[in-house]
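Below is entry-v7.cif, which holds mmCIF, N, CA and C atoms and all ligand atoms.
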data_my_file
loop_
_atom_site.label_atom_id
_atom_site.label_comp_id
_atom_site.auth_asym_id
_atom_site.auth_seq_id
_atom_site.Cartn_x
_atom_site.Cartn_y
_atom_site.Cartn_z
N MET A 1 107.36 76.48 120.10
CA MET A 1 107.33 77.75 120.85
C MET A 1 106.19 77.70 121.89
N THR A 2 106.51 78.06 123.11
CA THR A 2 105.47 78.11 124.15
C THR A 2 104.91 79.52 124.23
N GLY A 3 103.62 79.66 124.04
CA GLY A 3 103.02 81.00 124.09
C GLY A 3 103.47 81.82 122.91
N ASN A 4 103.39 83.15 122.98
CA ASN A 4 103.88 83.95 121.87
C ASN A 4 105.10 84.75 122.29
N ILE A 5 105.62 85.55 121.37
CA ILE A 5 106.93 86.16 121.62
C ILE A 5 106.87 87.67 121.69
N THR A 6 107.87 88.21 122.38
CA THR A 6 108.13 89.64 122.31
C THR A 6 109.63 89.81 122.17
N PHE A 7 110.04 90.99 121.72
CA PHE A 7 111.47 91.28 121.55
C PHE A 7 111.87 92.35 122.55
N THR A 8 113.03 92.17 123.18
CA THR A 8 113.52 93.17 124.12
C THR A 8 114.98 93.50 123.87
N MET A 9 115.37 94.69 124.27
CA MET A 9 116.79 95.03 124.40
C MET A 9 117.00 95.58 125.80
N ILE A 10 118.12 95.19 126.41
CA ILE A 10 118.61 95.89 127.60
C ILE A 10 119.53 96.98 127.04
N LYS A 11 119.14 98.23 127.26
CA LYS A 11 119.76 99.37 126.57
C LYS A 11 121.11 99.75 127.20
N PRO A 12 121.90 100.58 126.49
CA PRO A 12 123.26 100.90 126.95
C PRO A 12 123.36 101.43 128.39
N ASP A 13 122.38 102.20 128.84
CA ASP A 13 122.47 102.74 130.22
C ASP A 13 122.42 101.62 131.25
N ALA A 14 121.58 100.62 131.02
CA ALA A 14 121.41 99.53 131.97
C ALA A 14 122.59 98.57 131.91
N VAL A 15 123.16 98.37 130.71
CA VAL A 15 124.37 97.54 130.58
C VAL A 15 125.52 98.21 131.33
N GLU A 16 125.69 99.50 131.08
CA GLU A 16 126.76 100.29 131.71
C GLU A 16 126.67 100.26 133.24
N ALA A 17 125.45 100.25 133.76
CA ALA A 17 125.23 100.27 135.21
C ALA A 17 125.26 98.86 135.82
N ASN A 18 125.70 97.86 135.04
CA ASN A 18 125.77 96.47 135.53
C ASN A 18 124.41 95.92 135.94
N ASN A 19 123.38 96.30 135.20
CA ASN A 19 122.04 95.82 135.54
C ASN A 19 121.50 94.73 134.60
N ILE A 20 122.38 94.11 133.80
CA ILE A 20 121.91 93.00 132.95
C ILE A 20 121.34 91.88 133.83
N GLY A 21 122.10 91.48 134.83
CA GLY A 21 121.68 90.36 135.69
C GLY A 21 120.37 90.63 136.41
N PRO A 22 120.26 91.75 137.13
CA PRO A 22 119.00 92.05 137.82
C PRO A 22 117.80 92.15 136.88
N ILE A 23 117.99 92.70 135.68
CA ILE A 23 116.86 92.81 134.74
C ILE A 23 116.46 91.43 134.23
N LEU A 24 117.45 90.59 133.89
CA LEU A 24 117.10 89.23 133.44
C LEU A 24 116.40 88.46 134.56
N ALA A 25 116.79 88.69 135.80
CA ALA A 25 116.13 88.01 136.93
C ALA A 25 114.67 88.43 137.01
N MET A 26 114.39 89.73 136.82
CA MET A 26 112.98 90.18 136.84
C MET A 26 112.19 89.57 135.69
N ILE A 27 112.83 89.47 134.52
CA ILE A 27 112.18 88.89 133.34
C ILE A 27 111.82 87.43 133.59
N ASN A 28 112.76 86.66 134.12
CA ASN A 28 112.50 85.24 134.40
C ASN A 28 111.46 85.08 135.51
N LYS A 29 111.56 85.92 136.53
CA LYS A 29 110.63 85.83 137.67
C LYS A 29 109.19 86.12 137.22
N ALA A 30 109.05 86.96 136.19
CA ALA A 30 107.72 87.29 135.67
C ALA A 30 107.18 86.21 134.74
N GLY A 31 107.95 85.14 134.53
CA GLY A 31 107.43 84.00 133.77
C GLY A 31 107.82 83.94 132.31
N PHE A 32 108.74 84.81 131.89
CA PHE A 32 109.21 84.77 130.49
C PHE A 32 110.37 83.78 130.35
N ASN A 33 110.36 83.03 129.26
CA ASN A 33 111.50 82.18 128.91
C ASN A 33 112.28 82.85 127.78
N ILE A 34 113.58 82.57 127.75
CA ILE A 34 114.45 83.18 126.74
C ILE A 34 114.56 82.25 125.53
N LEU A 35 114.11 82.76 124.39
CA LEU A 35 114.11 81.97 123.16
C LEU A 35 115.41 82.21 122.36
N ALA A 36 115.98 83.41 122.51
CA ALA A 36 117.21 83.79 121.81
C ALA A 36 117.82 84.95 122.57
N MET A 37 119.17 85.05 122.52
CA MET A 37 119.81 86.17 123.22
C MET A 37 121.18 86.46 122.64
N LYS A 38 121.57 87.76 122.54
CA LYS A 38 122.94 88.12 122.17
C LYS A 38 123.37 89.44 122.78
N TYR A 39 124.69 89.54 123.01
CA TYR A 39 125.32 90.74 123.54
C TYR A 39 126.09 91.37 122.39
N MET A 40 125.77 92.60 122.04
CA MET A 40 126.34 93.20 120.84
C MET A 40 126.23 94.73 120.89
N ARG A 41 126.90 95.38 119.95
CA ARG A 41 126.77 96.84 119.85
C ARG A 41 126.24 97.19 118.48
N LEU A 42 125.20 98.01 118.44
CA LEU A 42 124.61 98.45 117.17
C LEU A 42 125.43 99.60 116.60
N THR A 43 125.55 99.66 115.28
CA THR A 43 126.06 100.88 114.66
C THR A 43 124.92 101.91 114.67
N LYS A 44 125.26 103.18 114.42
CA LYS A 44 124.22 104.20 114.39
C LYS A 44 123.22 103.91 113.26
N GLU A 45 123.73 103.37 112.16
CA GLU A 45 122.87 103.02 111.02
C GLU A 45 121.89 101.91 111.40
N GLN A 46 122.39 100.90 112.10
CA GLN A 46 121.51 99.80 112.53
C GLN A 46 120.46 100.28 113.52
N ALA A 47 120.87 101.15 114.45
CA ALA A 47 119.91 101.70 115.42
C ALA A 47 118.86 102.52 114.66
N GLY A 48 119.29 103.24 113.64
CA GLY A 48 118.37 104.04 112.83
C GLY A 48 117.37 103.18 112.08
N GLN A 49 117.84 102.03 111.59
CA GLN A 49 116.97 101.08 110.89
C GLN A 49 115.96 100.47 111.86
N PHE A 50 116.44 100.08 113.04
CA PHE A 50 115.55 99.47 114.04
C PHE A 50 114.44 100.43 114.44
N TYR A 51 114.80 101.71 114.62
CA TYR A 51 113.83 102.71 115.09
C TYR A 51 113.29 103.56 113.93
N ALA A 52 113.32 103.03 112.70
CA ALA A 52 112.92 103.80 111.52
C ALA A 52 111.50 104.39 111.65
N VAL A 53 110.63 103.70 112.37
CA VAL A 53 109.26 104.18 112.58
C VAL A 53 109.24 105.55 113.27
N HIS A 54 110.32 105.88 113.99
CA HIS A 54 110.39 107.15 114.72
C HIS A 54 111.19 108.22 113.97
N LYS A 55 111.51 107.99 112.69
CA LYS A 55 112.50 108.89 112.06
C LYS A 55 112.05 110.34 111.90
N GLU A 56 110.76 110.59 111.94
CA GLU A 56 110.30 111.98 111.87
C GLU A 56 110.19 112.63 113.26
N ARG A 57 110.40 111.86 114.32
CA ARG A 57 110.23 112.39 115.67
C ARG A 57 111.46 113.22 116.07
N PRO A 58 111.27 114.25 116.91
CA PRO A 58 112.39 115.14 117.27
C PRO A 58 113.53 114.43 118.01
N PHE A 59 113.22 113.31 118.67
CA PHE A 59 114.25 112.63 119.47
C PHE A 59 115.00 111.55 118.69
N TYR A 60 114.72 111.40 117.39
CA TYR A 60 115.30 110.30 116.60
C TYR A 60 116.84 110.32 116.57
N GLY A 61 117.42 111.49 116.34
CA GLY A 61 118.88 111.60 116.26
C GLY A 61 119.53 111.22 117.59
N GLU A 62 118.98 111.77 118.65
CA GLU A 62 119.49 111.48 120.00
C GLU A 62 119.32 109.99 120.34
N LEU A 63 118.17 109.45 119.94
CA LEU A 63 117.87 108.04 120.23
C LEU A 63 118.85 107.09 119.53
N THR A 64 119.11 107.35 118.26
CA THR A 64 119.99 106.44 117.51
C THR A 64 121.46 106.61 117.96
N GLU A 65 121.81 107.83 118.33
CA GLU A 65 123.14 108.10 118.90
C GLU A 65 123.31 107.31 120.20
N TYR A 66 122.31 107.43 121.05
CA TYR A 66 122.32 106.76 122.35
C TYR A 66 122.33 105.23 122.22
N MET A 67 121.47 104.71 121.34
CA MET A 67 121.36 103.25 121.22
C MET A 67 122.60 102.61 120.59
N SER A 68 123.45 103.43 119.97
CA SER A 68 124.70 102.92 119.41
C SER A 68 125.90 103.32 120.27
N SER A 69 125.66 103.87 121.46
CA SER A 69 126.75 104.41 122.29
C SER A 69 127.48 103.35 123.10
N GLY A 70 126.92 102.14 123.17
CA GLY A 70 127.55 101.07 123.94
C GLY A 70 126.81 99.78 123.68
N PRO A 71 127.31 98.66 124.24
CA PRO A 71 126.67 97.38 123.98
C PRO A 71 125.26 97.28 124.57
N ILE A 72 124.50 96.40 123.97
CA ILE A 72 123.14 96.09 124.41
C ILE A 72 123.00 94.56 124.50
N VAL A 73 121.96 94.13 125.20
CA VAL A 73 121.57 92.72 125.15
C VAL A 73 120.25 92.67 124.39
N ALA A 74 120.22 91.89 123.33
CA ALA A 74 118.98 91.69 122.55
C ALA A 74 118.46 90.31 122.86
N ALA A 75 117.14 90.18 123.00
CA ALA A 75 116.58 88.86 123.31
C ALA A 75 115.16 88.73 122.79
N ILE A 76 114.80 87.50 122.47
CA ILE A 76 113.40 87.14 122.19
C ILE A 76 112.89 86.41 123.43
N LEU A 77 111.76 86.87 123.93
CA LEU A 77 111.15 86.28 125.13
C LEU A 77 109.86 85.60 124.75
N THR A 78 109.55 84.51 125.43
CA THR A 78 108.30 83.82 125.15
C THR A 78 107.50 83.57 126.42
N LYS A 79 106.19 83.70 126.28
CA LYS A 79 105.22 83.56 127.38
C LYS A 79 103.86 83.74 126.74
N PRO A 80 102.80 83.12 127.26
CA PRO A 80 101.47 83.48 126.76
C PRO A 80 101.25 84.98 126.95
N ASN A 81 100.67 85.65 125.96
CA ASN A 81 100.38 87.09 126.05
C ASN A 81 101.66 87.93 126.23
N ALA A 82 102.75 87.49 125.58
CA ALA A 82 104.08 88.06 125.81
C ALA A 82 104.15 89.58 125.60
N VAL A 83 103.57 90.09 124.52
CA VAL A 83 103.74 91.52 124.21
C VAL A 83 103.12 92.39 125.31
N ALA A 84 101.86 92.14 125.63
CA ALA A 84 101.17 92.97 126.62
C ALA A 84 101.76 92.77 128.02
N ASP A 85 102.06 91.51 128.36
CA ASP A 85 102.60 91.26 129.69
C ASP A 85 103.98 91.90 129.86
N TYR A 86 104.77 91.91 128.78
CA TYR A 86 106.09 92.52 128.90
C TYR A 86 106.00 94.04 128.97
N ARG A 87 105.08 94.63 128.22
CA ARG A 87 104.89 96.10 128.33
C ARG A 87 104.51 96.46 129.76
N GLN A 88 103.71 95.62 130.38
CA GLN A 88 103.31 95.87 131.77
C GLN A 88 104.52 95.74 132.70
N LEU A 89 105.36 94.74 132.46
CA LEU A 89 106.54 94.53 133.31
C LEU A 89 107.54 95.68 133.17
N ILE A 90 107.68 96.25 131.96
CA ILE A 90 108.70 97.32 131.79
C ILE A 90 108.19 98.68 132.26
N GLY A 91 106.89 98.93 132.17
CA GLY A 91 106.36 100.22 132.62
C GLY A 91 106.41 101.28 131.54
N ALA A 92 105.94 102.48 131.88
CA ALA A 92 105.81 103.58 130.91
C ALA A 92 107.16 104.01 130.35
N THR A 93 107.13 104.55 129.12
CA THR A 93 108.33 105.05 128.45
C THR A 93 109.10 106.03 129.33
N ASP A 94 108.35 106.95 129.94
CA ASP A 94 108.94 107.94 130.86
C ASP A 94 108.99 107.32 132.26
N PRO A 95 110.19 107.06 132.77
CA PRO A 95 110.28 106.34 134.06
C PRO A 95 109.61 107.08 135.22
N THR A 96 109.48 108.39 135.11
CA THR A 96 108.80 109.12 136.19
C THR A 96 107.30 108.79 136.21
N LYS A 97 106.81 108.24 135.08
CA LYS A 97 105.39 107.86 135.00
C LYS A 97 105.19 106.34 135.11
N ALA A 98 106.28 105.62 135.27
CA ALA A 98 106.19 104.14 135.33
C ALA A 98 105.72 103.70 136.72
N ASP A 99 104.93 102.62 136.73
CA ASP A 99 104.43 102.07 138.00
C ASP A 99 105.58 101.54 138.85
N GLU A 100 105.37 101.58 140.17
CA GLU A 100 106.31 101.00 141.12
C GLU A 100 106.57 99.53 140.77
N GLY A 101 107.82 99.12 140.87
CA GLY A 101 108.15 97.71 140.66
C GLY A 101 108.37 97.33 139.21
N THR A 102 108.14 98.26 138.27
CA THR A 102 108.42 97.95 136.87
C THR A 102 109.92 98.13 136.59
N ILE A 103 110.38 97.50 135.52
CA ILE A 103 111.82 97.55 135.20
C ILE A 103 112.27 99.00 134.99
N ARG A 104 111.48 99.77 134.26
CA ARG A 104 111.89 101.16 134.02
C ARG A 104 111.86 102.00 135.29
N LYS A 105 110.89 101.76 136.15
CA LYS A 105 110.84 102.50 137.41
C LYS A 105 112.08 102.21 138.23
N VAL A 106 112.50 100.96 138.24
CA VAL A 106 113.63 100.56 139.07
C VAL A 106 114.97 100.98 138.43
N PHE A 107 115.11 100.84 137.10
CA PHE A 107 116.43 100.95 136.49
C PHE A 107 116.64 102.12 135.52
N ALA A 108 115.57 102.72 134.98
CA ALA A 108 115.77 103.74 133.93
C ALA A 108 116.35 105.03 134.51
N LYS A 109 117.18 105.69 133.67
CA LYS A 109 117.81 106.95 134.07
C LYS A 109 117.00 108.16 133.59
N SER A 110 116.32 108.01 132.45
CA SER A 110 115.60 109.14 131.85
C SER A 110 114.64 108.59 130.79
N ILE A 111 113.87 109.49 130.17
CA ILE A 111 112.94 109.03 129.11
C ILE A 111 113.70 108.45 127.92
N ALA A 112 114.90 108.93 127.65
CA ALA A 112 115.69 108.39 126.54
C ALA A 112 116.44 107.13 126.99
N ALA A 113 117.17 107.26 128.09
CA ALA A 113 117.95 106.14 128.63
C ALA A 113 117.06 105.37 129.61
N ASN A 114 116.10 104.63 129.03
CA ASN A 114 115.06 104.04 129.87
C ASN A 114 115.20 102.51 130.02
N ALA A 115 116.41 102.05 130.05
CA ALA A 115 116.81 100.71 130.49
C ALA A 115 116.47 99.55 129.54
N VAL A 116 115.25 99.55 129.00
CA VAL A 116 114.84 98.42 128.16
C VAL A 116 113.92 98.85 127.01
N HIS A 117 113.94 98.04 125.97
CA HIS A 117 112.96 98.13 124.88
C HIS A 117 111.98 96.98 125.03
N GLY A 118 110.74 97.18 124.61
CA GLY A 118 109.77 96.09 124.51
C GLY A 118 108.88 96.32 123.29
N SER A 119 108.63 95.26 122.52
CA SER A 119 107.78 95.38 121.32
C SER A 119 106.39 95.88 121.70
N ASP A 120 105.75 96.60 120.75
CA ASP A 120 104.42 97.16 121.04
C ASP A 120 103.27 96.40 120.36
N SER A 121 103.58 95.35 119.58
CA SER A 121 102.53 94.55 118.93
C SER A 121 103.14 93.21 118.53
N ASN A 122 102.27 92.23 118.26
CA ASN A 122 102.78 90.93 117.80
C ASN A 122 103.51 91.07 116.49
N GLU A 123 102.99 91.91 115.61
CA GLU A 123 103.63 92.11 114.30
C GLU A 123 105.03 92.69 114.47
N ASN A 124 105.16 93.71 115.31
CA ASN A 124 106.49 94.29 115.53
C ASN A 124 107.42 93.34 116.28
N ALA A 125 106.87 92.50 117.14
CA ALA A 125 107.70 91.50 117.83
C ALA A 125 108.36 90.58 116.81
N GLN A 126 107.59 90.19 115.77
CA GLN A 126 108.16 89.34 114.71
C GLN A 126 109.21 90.10 113.91
N ILE A 127 108.88 91.33 113.51
CA ILE A 127 109.80 92.13 112.69
C ILE A 127 111.11 92.38 113.45
N GLU A 128 110.98 92.78 114.72
CA GLU A 128 112.16 93.10 115.54
C GLU A 128 113.00 91.85 115.82
N SER A 129 112.34 90.72 116.08
CA SER A 129 113.08 89.47 116.32
C SER A 129 113.85 89.06 115.07
N ASN A 130 113.21 89.21 113.91
CA ASN A 130 113.86 88.84 112.65
C ASN A 130 115.02 89.78 112.30
N PHE A 131 114.96 91.01 112.79
CA PHE A 131 116.05 91.98 112.57
C PHE A 131 117.34 91.49 113.25
N PHE A 132 117.21 90.82 114.39
CA PHE A 132 118.37 90.42 115.19
C PHE A 132 118.75 88.95 115.09
N PHE A 133 117.78 88.06 114.88
CA PHE A 133 118.04 86.63 115.05
C PHE A 133 117.62 85.80 113.85
N SER A 134 118.48 84.83 113.48
CA SER A 134 118.11 83.82 112.49
C SER A 134 117.40 82.67 113.19
N GLU A 135 116.83 81.77 112.43
CA GLU A 135 116.16 80.59 113.01
C GLU A 135 117.15 79.72 113.81
N LEU A 136 118.42 79.68 113.35
CA LEU A 136 119.43 78.86 114.01
C LEU A 136 119.81 79.38 115.39
N GLU A 137 119.42 80.62 115.70
CA GLU A 137 119.77 81.23 116.99
C GLU A 137 118.63 81.20 117.98
N ARG A 138 117.57 80.45 117.66
CA ARG A 138 116.37 80.41 118.53
C ARG A 138 116.21 79.01 119.09
N PHE A 139 115.97 78.94 120.40
CA PHE A 139 115.93 77.63 121.07
C PHE A 139 114.70 77.49 121.96
N1 LIG B 1 112.22 108.37 123.45
C1 LIG B 1 112.85 109.55 123.77
N2 LIG B 1 112.08 110.68 123.99
C2 LIG B 1 110.72 110.65 123.90
C3 LIG B 1 110.09 109.44 123.58
C4 LIG B 1 110.87 108.32 123.35
O1 LIG B 1 114.08 109.60 123.85
O2 LIG B 1 110.08 111.69 124.10
C5 LIG B 1 113.04 107.16 123.22
C6 LIG B 1 112.99 106.17 124.40
O3 LIG B 1 114.26 105.55 124.52
C7 LIG B 1 111.92 105.19 123.93
C8 LIG B 1 112.23 105.12 122.44
O4 LIG B 1 112.56 106.46 122.08
O5 LIG B 1 112.03 103.94 124.59
C9 LIG B 1 111.09 104.64 121.56
O6 LIG B 1 109.94 105.43 121.84
P1 LIG B 1 108.51 104.76 122.01
O7 LIG B 1 107.50 105.85 121.97
O8 LIG B 1 108.36 103.64 121.04
O9 LIG B 1 108.57 104.19 123.52
P2 LIG B 1 108.62 102.69 124.06
O10 LIG B 1 107.84 101.83 123.13
O11 LIG B 1 110.08 102.30 124.11
O12 LIG B 1 108.03 102.75 125.44
MG MG B 2 107.99 101.60 121.08
#
Is it possible to express this structure as structure tokens?
Ligand code: UDP
Ligand code: MG
Amino acid sequence: MTGNITFTMIKPDAVEANNIGPILAMINKAGFNILAMKYMRLTKEQAGQFYAVHKERPFYGELTEYMSSGPIVAAILTKPNAVADYRQLIGATDPTKADEGTIRKVFAKSIAANAVHGSDSNENAQIESNFFFSELERF
């Protein structure tokens, strides 16, 4: 593995808007390599498990409904300082507060439909990657 890893999803709004290609181009241009990738649709239960840390939050029901509403792209990305650098590349959760040139500023529709997920710590990057990918699916 080169550098460390982060986990990302291209969320249903960005898939629906045909922005998989442009988002992957930004990811590669920023120096991330793809360690694993799949195109799939989560069930509401799986989305609920993935976002279990947010289950007491008021937006949890809407979030799990939304994240299971259509296909997503899940990927493990690698780069030195992957978690922090990727959070910087995606921008703030609320796209109206995201910096110019970030993925969410360019592609997000709203605070809920905000185009991409990015891990918030090395520990969660491992947990989230293991939720989606076996060792045989990592290259
Ligand atoms: N979210 C939402 N409303 C909020 C905050 C978050 O719908 O007020 C959604 C949004 O899709 C966000 C996800 O819940 O990406 C997880 O929230 P978190 O605070 O972890 O933001 P992130 O780490 O994705 O920036
Ligand atoms: Mg988060």
Practice item. One decimal, Å: what's the distance from CA of Ala108 in chain A over to CA of Arg138 in chain A, could you say? Key: 28.0 Å
**Study point:** Two-atom distance - atom C of Glu137 in chain A, atom N of Thr78 in chain A (Å)
**Key:**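 Spanning atom C of Glu137 in chain A to atom N of Thr78 in chain A is a straight-line distance of 12.2 Å.
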Point to revise | Nearest to Val83 in chain A by atom-to-atom distance, counting all atoms listed in the file, from A:Asn122, A:Thr8, A:Asn33, A:Asn114 | key: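 Result for the nearest residue to Val83 in chain A: A:Asn122.
Here CA of Gly31 in chain A is placed at a distance of 12.8 Å from CA of Thr6 in chain A.
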Check your understanding: Using only C-alpha atoms and all ligand atoms, which protein or nucleic acid residues are at most 7 Å from ligand MG 2 (chain B), as number ranges by chain?
Key -> A: 118-120
Could you produce a table of the residues of chain A lying within 6 Å of ligand LIG 1 (chain B), with the nearest pair of atoms per residue and their separation in Å rounded to one decimal, using only N, CA and C atoms and all ligand atoms, ordered by chain and increasing residue number, as JSON lines?
{"residue": "A:Phe59", "atom": "CA", "partner": "B:LIG1", "partner_atom": "O1", "distance": 5.3}
{"residue": "A:Leu63", "atom": "CA", "partner": "B:LIG1", "partner_atom": "O1", "distance": 5.5}
{"residue": "A:Ala92", "atom": "C", "partner": "B:LIG1", "partner_atom": "O12", "distance": 5.1}
{"residue": "A:Thr93", "atom": "CA", "partner": "B:LIG1", "partner_atom": "O12", "distance": 3.8}
{"residue": "A:Ile111", "atom": "C", "partner": "B:LIG1", "partner_atom": "O1", "distance": 4.2}
{"residue": "A:Ala112", "atom": "CA", "partner": "B:LIG1", "partner_atom": "O1", "distance": 3.4}
{"residue": "A:Ala113", "atom": "N", "partner": "B:LIG1", "partner_atom": "O3", "distance": 4.9}
{"residue": "A:Asn114", "atom": "N", "partner": "B:LIG1", "partner_atom": "O3", "distance": 5.0}
{"residue": "A:Val116", "atom": "C", "partner": "B:LIG1", "partner_atom": "O11", "distance": 5.9}
{"residue": "A:His117", "atom": "CA", "partner": "B:LIG1", "partner_atom": "O11", "distance": 5.1}
{"residue": "A:Gly118", "atom": "N", "partner": "B:LIG1", "partner_atom": "O11", "distance": 5.2}
Take the residues from that selection and put them in a file with N, CA and C atoms, as a PDB file, keeping the file's coordinate frame.
ATOM      1  N   PHE A  59     113.220 113.310 118.670  1.00  0.00           N
ATOM      2  CA  PHE A  59     114.250 112.630 119.470  1.00  0.00           C
ATOM      3  C   PHE A  59     115.000 111.550 118.690  1.00  0.00           C
ATOM      4  N   LEU A  63     118.170 109.450 119.940  1.00  0.00           N
ATOM      5  CA  LEU A  63     117.870 108.040 120.230  1.00  0.00           C
ATOM      6  C   LEU A  63     118.850 107.090 119.530  1.00  0.00           C
ATOM      7  N   ALA A  92     105.940 102.480 131.880  1.00  0.00           N
ATOM      8  CA  ALA A  92     105.810 103.580 130.910  1.00  0.00           C
ATOM      9  C   ALA A  92     107.160 104.010 130.350  1.00  0.00           C
ATOM     10  N   THR A  93     107.130 104.550 129.120  1.00  0.00           N
ATOM     11  CA  THR A  93     108.330 105.050 128.450  1.00  0.00           C
ATOM     12  C   THR A  93     109.100 106.030 129.330  1.00  0.00           C
ATOM     13  N   ILE A 111     113.870 109.490 130.170  1.00  0.00           N
ATOM     14  CA  ILE A 111     112.940 109.030 129.110  1.00  0.00           C
ATOM     15  C   ILE A 111     113.700 108.450 127.920  1.00  0.00           C
ATOM     16  N   ALA A 112     114.900 108.930 127.650  1.00  0.00           N
ATOM     17  CA  ALA A 112     115.690 108.390 126.540  1.00  0.00           C
ATOM     18  C   ALA A 112     116.440 107.130 126.990  1.00  0.00           C
ATOM     19  N   ALA A 113     117.170 107.260 128.090  1.00  0.00           N
ATOM     20  CA  ALA A 113     117.950 106.140 128.630  1.00  0.00           C
ATOM     21  C   ALA A 113     117.060 105.370 129.610  1.00  0.00           C
ATOM     22  N   ASN A 114     116.100 104.630 129.030  1.00  0.00           N
ATOM     23  CA  ASN A 114     115.060 104.040 129.870  1.00  0.00           C
ATOM     24  C   ASN A 114     115.200 102.510 130.020  1.00  0.00           C
ATOM     25  N   VAL A 116     115.250  99.550 129.000  1.00  0.00           N
ATOM     26  CA  VAL A 116     114.840  98.420 128.160  1.00  0.00           C
ATOM     27  C   VAL A 116     113.920  98.850 127.010  1.00  0.00           C
ATOM     28  N   HIS A 117     113.940  98.040 125.970  1.00  0.00           N
ATOM     29  CA  HIS A 117     112.960  98.130 124.880  1.00  0.00           C
ATOM     30  C   HIS A 117     111.980  96.980 125.030  1.00  0.00           C
ATOM     31  N   GLY A 118     110.740  97.180 124.610  1.00  0.00           N
ATOM     32  CA  GLY A 118     109.770  96.090 124.510  1.00  0.00           C
ATOM     33  C   GLY A 118     108.880  96.320 123.290  1.00  0.00           C
TER      34      GLY A 118
END
Exercise for review: Quick one: everything within 6 Å of range 34-50 of chain A, counting all atoms listed in the file, minus sequence neighbours fewer than 2 positions away in the same chain. Send it as a PyMOL selection string.
Suggested key: chain A and resi 32+52-53+64-65+67-68+70-78+137-139
Exercise for review: From chain A, collect each residue whose DSSP state is strand (DSSP E) and return the set as a list in words.
Suggested key: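 Output for chain A, strand (DSSP E) only: Asn4, Ile5, Thr6, Phe7, Thr8, Met9, Ile10, Asn33, Ile34, Leu35, Ala36, Met37, Lys38, Tyr39, Met40, Ile72, Val73, Ala74, Ala75, Ile76, Leu77, Thr78, Lys79, Val116, His117 and Gly118 of chain A.
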Practice item. Using DSSP on the backbone coordinates, identify the residues of chain A assigned to alpha helix (DSSP H); present them as a count of residues only. Key: 55
